[in-house]
Amino acid sequence: MKIDVLLGLQWGDEGKGKLVDVLTPEYDVIARFQGGPNAGHTLEFNNIKHITHNIPSGVFREGSINMIGNGVVLDPVIFKKEIDEIKAIGVDLGPRLMISRKAHLIMPTHRILDAASEAAKGISKIGSTLKGISPTYMDKTGRNGLRVGDIESPDFRKKYDFLTKKHLRILKQYDFKFDLKEYEQGWMEGIDAIHSFRLVNGEYIINRYLQEGKSVLAEGAQGTMLDIDFGSYPYVTSSNTICAGACTGLGLAPQKIGRVIGVVKAYSTRVGSGPFPTEQENETGKALRDFGSEYGATTGRPRRCGWLDLPVLKYSIMLNGVTELTITKSDVLTHFDTLKVCTAYKINGELSDELPYDIHAPVEPVYKEMPSWKKDLTGITKKEDLPSELLDYLTFIEKEVGVPITFVSVGPDREQIIKM
């Protein structure tokens, strides 16, 4: 048995959570393999909007098994808040959720370090979510991080105090005021909440599931263009968001990867700083933001909006070995008369479909114009009822990138998706 991987192919916010929720009935196990509470996966069903940050998006399906993998960084405070909110709507997470002992813990001082570092950058800010993600991964690679398995140790408090004191020494170099007690509030209660779930040696569990013939879906957070190695560095996250990250984030051999499902919006968005070749800093961008409700699920920040970028999509497909695509937010483009798709870049007067190494190099998008579909898609349930203009748009994308589109989302609800 092989594991399937679902991940985003742009700068995040592609609609991964919804697709995981839709696909969960086909899988026995859903596993998060990287990222932390900087992720915000939005799911809508029964006229209620749910946003998951730490927890896999499969938890709302009865009978599912969900695992937080070793590649994830976990904030106990946000985790407790999240499970309390899910319990409040009648979902018992106890039998549905397990946590890898090798996942790292975000400490209160990690969040302070994140805020102090970002403030010190001034106009060169990365656009951090200020959730402590980067400092936690830095401690991980520095080999002195605190892991979920450490909470089972009688020396846990000693380890916590030691690392906290180290962080406080580092913070002396910043002109940044903070109240540690304010940040620590609720942290130990969050640790108790983590302790109430099944803590596992995730790499053994996930491989055992595959040997037993269980179907497993690996869920990525963020998007390919935020990958620490292959994204628009330095405006990236601190983990590997690409398919290879599922191997290191869950403890899997490369040959265990099966389907690779790439999720992409029918247009493009990103949050925070960094290059964005097709960004529309005009009325078009504002319309995309308003019609698409483009505000960060985690931060609430307005997203930058622009047209679909095929060089970015081809790049992401190459890196991830994508075998099929899901297109989301097609209903948003109903509101436009004409659409644009970036098919190449003009760099120093020459055409190229490759992303330049120098992210600050002047890049001029080359666009193809196409007619939009002036039809409300939100009530459509069959491929045969989709407007011809949308079908032409999808066919064009398929031909350009060489990968089939298997799902098209026509609205935010879990039911508003069409299998192609």
# chains A, B, ... in the order shown; residues from 1 in each chain; ligands from 1
$ select_by_dssp --residues "range 197-360 of chain A" --states "alpha helix (DSSP H)" --output "PyMOL selection string"
chain A and resi 202-211+244-250+283-291+310-320
$ residues_around --residues "Gly213 in chain A" --least-positions-apart "3" --cutoff "12 Å" --atoms "only C-alpha atoms" --output "ChimeraX atom specification"
/A:1-3,27-29,206-210,216
$ write_last_selection --atoms "N, CA and C atoms" --output "short mmCIF file (atom, residue, chain, number, x, y, z; two decimals), in the first residue's frame"
data_model
loop_
_atom_site.label_atom_id
_atom_site.label_comp_id
_atom_site.auth_asym_id
_atom_site.auth_seq_id
_atom_site.Cartn_x
_atom_site.Cartn_y
_atom_site.Cartn_z
N MET A 1 0.84 -1.20 0.00
CA MET A 1 0.00 0.00 0.00
C MET A 1 0.88 1.24 0.00
N LYS A 2 0.45 2.28 -0.73
CA LYS A 2 1.21 3.52 -0.79
C LYS A 2 0.41 4.66 -0.18
N ILE A 3 1.12 5.69 0.23
CA ILE A 3 0.47 6.85 0.83
C ILE A 3 0.24 7.91 -0.24
N TYR A 27 -10.31 7.43 2.80
CA TYR A 27 -9.08 7.09 3.49
C TYR A 27 -9.35 6.66 4.93
N ASP A 28 -8.48 5.77 5.42
CA ASP A 28 -8.54 5.35 6.82
C ASP A 28 -7.82 6.34 7.73
N VAL A 29 -6.74 6.95 7.20
CA VAL A 29 -5.87 7.78 8.02
C VAL A 29 -5.54 9.08 7.30
N ILE A 206 2.69 4.80 11.07
CA ILE A 206 2.28 5.09 9.69
C ILE A 206 2.70 3.97 8.76
N ASN A 207 3.91 3.42 8.96
CA ASN A 207 4.37 2.31 8.12
C ASN A 207 3.60 1.02 8.42
N ARG A 208 3.20 0.84 9.67
CA ARG A 208 2.40 -0.32 10.03
C ARG A 208 1.03 -0.26 9.37
N TYR A 209 0.45 0.94 9.35
CA TYR A 209 -0.84 1.12 8.69
C TYR A 209 -0.76 0.72 7.22
N LEU A 210 0.32 1.13 6.56
CA LEU A 210 0.48 0.80 5.14
C LEU A 210 0.64 -0.70 4.95
N VAL A 216 -3.86 5.86 3.41
CA VAL A 216 -3.37 7.02 4.16
C VAL A 216 -3.23 8.22 3.24
#
$ residues_around --residues "Arg198 in chain A" --least-positions-apart "2" --cutoff "10 Å" --atoms "only C-alpha atoms" --output "PyMOL selection string"
chain A and resi 67+94-101+194-196+200
$ write_last_selection --atoms "C-alpha atoms" --output "PDB file, in the first residue's frame"
ATOM      1  CA  MET A  67      -2.171  11.974  13.098  1.00  0.00           C
ATOM      2  CA  GLY A  94     -10.258  11.279  21.609  1.00  0.00           C
ATOM      3  CA  PRO A  95     -10.557   8.255  19.314  1.00  0.00           C
ATOM      4  CA  ARG A  96      -9.773  10.260  16.144  1.00  0.00           C
ATOM      5  CA  LEU A  97      -6.452  11.964  16.920  1.00  0.00           C
ATOM      6  CA  MET A  98      -2.924  10.867  17.772  1.00  0.00           C
ATOM      7  CA  ILE A  99       0.316  12.863  18.016  1.00  0.00           C
ATOM      8  CA  SER A 100       3.869  11.862  17.089  1.00  0.00           C
ATOM      9  CA  ARG A 101       6.263  12.062  20.009  1.00  0.00           C
ATOM     10  CA  ILE A 194      -1.736  17.131  24.581  1.00  0.00           C
ATOM     11  CA  HIS A 195      -1.106  14.533  27.291  1.00  0.00           C
ATOM     12  CA  SER A 196      -4.752  13.458  27.121  1.00  0.00           C
ATOM     13  CA  VAL A 200       2.848   7.559  19.355  1.00  0.00           C
TER      14      VAL A 200
END
$ residues_around --residues "range 131-139 of chain A" --least-positions-apart "3" --cutoff "8 Å" --atoms "only C-alpha atoms" --output "PyMOL selection string"
chain A and resi 35-38+73+104-107+110-115+128+142-145+237-239
$ closest_atom_pairs --of "range 276-349 of chain A" --to "range 15-24 of chain A" --cutoff "9 Å" --atoms "only C-alpha atoms" --output "tab-separated table"
residue	atom	partner	partner_atom	distance
A:Thr326	CA	A:Leu19	CA	8.2
A:Ile327	CA	A:Gly15	CA	8.9
A:Thr328	CA	A:Gly15	CA	6.5
A:Lys329	CA	A:Gly15	CA	8.2
$ closest_residue --among "A:Ser57, A:Ser215, A:Thr284, A:Ser316" --to "Val403 in chain A" --atoms "only C-alpha atoms"
A:Ser316
$ residues_around --residues "Ala287 in chain A" --least-positions-apart "6" --cutoff "12 Å" --atoms "only C-alpha atoms" --output "list in words"
Gln280, Glu281, Ser293, Glu294, Arg303, Arg304, Cys305, Gly306, Trp307, Val332, Leu333, Thr334, His335 and Phe336 of chain A
$ decode --residues "range 109-167 of chain A" --atoms "C-alpha atoms" --output "tab-separated table (two decimals), in the first residue's frame"
chain	number	residue	atom	x	y	z
A	109	THR	CA	9.63	32.29	24.25
A	110	HIS	CA	9.59	31.05	20.64
A	111	ARG	CA	6.66	33.37	19.98
A	112	ILE	CA	8.47	36.27	21.68
A	113	LEU	CA	11.63	35.61	19.65
A	114	ASP	CA	9.55	35.55	16.47
A	115	ALA	CA	7.93	38.91	17.27
A	116	ALA	CA	11.23	40.51	18.34
A	117	SER	CA	13.07	39.29	15.23
A	118	GLU	CA	10.32	40.46	12.88
A	119	ALA	CA	10.13	43.88	14.56
A	120	ALA	CA	13.91	44.30	14.22
A	121	LYS	CA	13.75	43.75	10.45
A	122	GLY	CA	11.81	46.98	9.89
A	123	ILE	CA	10.93	47.44	6.22
A	124	SER	CA	12.62	44.12	5.41
A	125	LYS	CA	9.97	42.10	7.27
A	126	ILE	CA	9.31	38.59	5.98
A	127	GLY	CA	5.62	38.75	6.84
A	128	SER	CA	5.77	36.20	9.67
A	129	THR	CA	2.51	35.04	11.27
A	130	LEU	CA	4.29	35.61	14.64
A	131	LYS	CA	3.32	32.13	15.84
A	132	GLY	CA	6.89	31.15	16.80
A	133	ILE	CA	7.29	28.79	13.86
A	134	SER	CA	10.76	29.87	12.71
A	135	PRO	CA	12.44	29.91	16.17
A	136	THR	CA	10.99	26.47	16.90
A	137	TYR	CA	12.41	24.99	13.71
A	138	MET	CA	15.72	26.77	14.45
A	139	ASP	CA	15.88	24.99	17.81
A	140	LYS	CA	15.00	21.75	16.07
A	141	THR	CA	17.91	22.04	13.63
A	142	GLY	CA	20.09	23.38	16.46
A	143	ARG	CA	19.41	20.08	18.25
A	144	ASN	CA	18.07	21.49	21.47
A	145	GLY	CA	14.33	21.69	20.81
A	146	LEU	CA	11.58	20.49	23.10
A	147	ARG	CA	9.50	17.62	21.67
A	148	VAL	CA	6.07	16.21	22.45
A	149	GLY	CA	7.66	13.03	23.82
A	150	ASP	CA	9.51	15.11	26.42
A	151	ILE	CA	6.26	15.80	28.28
A	152	GLU	CA	6.32	12.14	29.38
A	153	SER	CA	9.71	12.69	31.04
A	154	PRO	CA	10.04	13.51	34.78
A	155	ASP	CA	12.63	16.12	33.71
A	156	PHE	CA	10.23	17.96	31.40
A	157	ARG	CA	9.97	21.10	33.53
A	158	LYS	CA	13.74	21.20	33.89
A	159	LYS	CA	14.16	21.00	30.09
A	160	TYR	CA	11.54	23.72	29.61
A	161	ASP	CA	13.23	26.07	32.11
A	162	PHE	CA	16.67	25.48	30.60
A	163	LEU	CA	15.54	26.38	27.08
A	164	THR	CA	13.47	29.34	28.32
A	165	LYS	CA	16.54	30.83	30.04
A	166	LYS	CA	18.55	30.39	26.85
A	167	HIS	CA	15.88	32.26	24.87
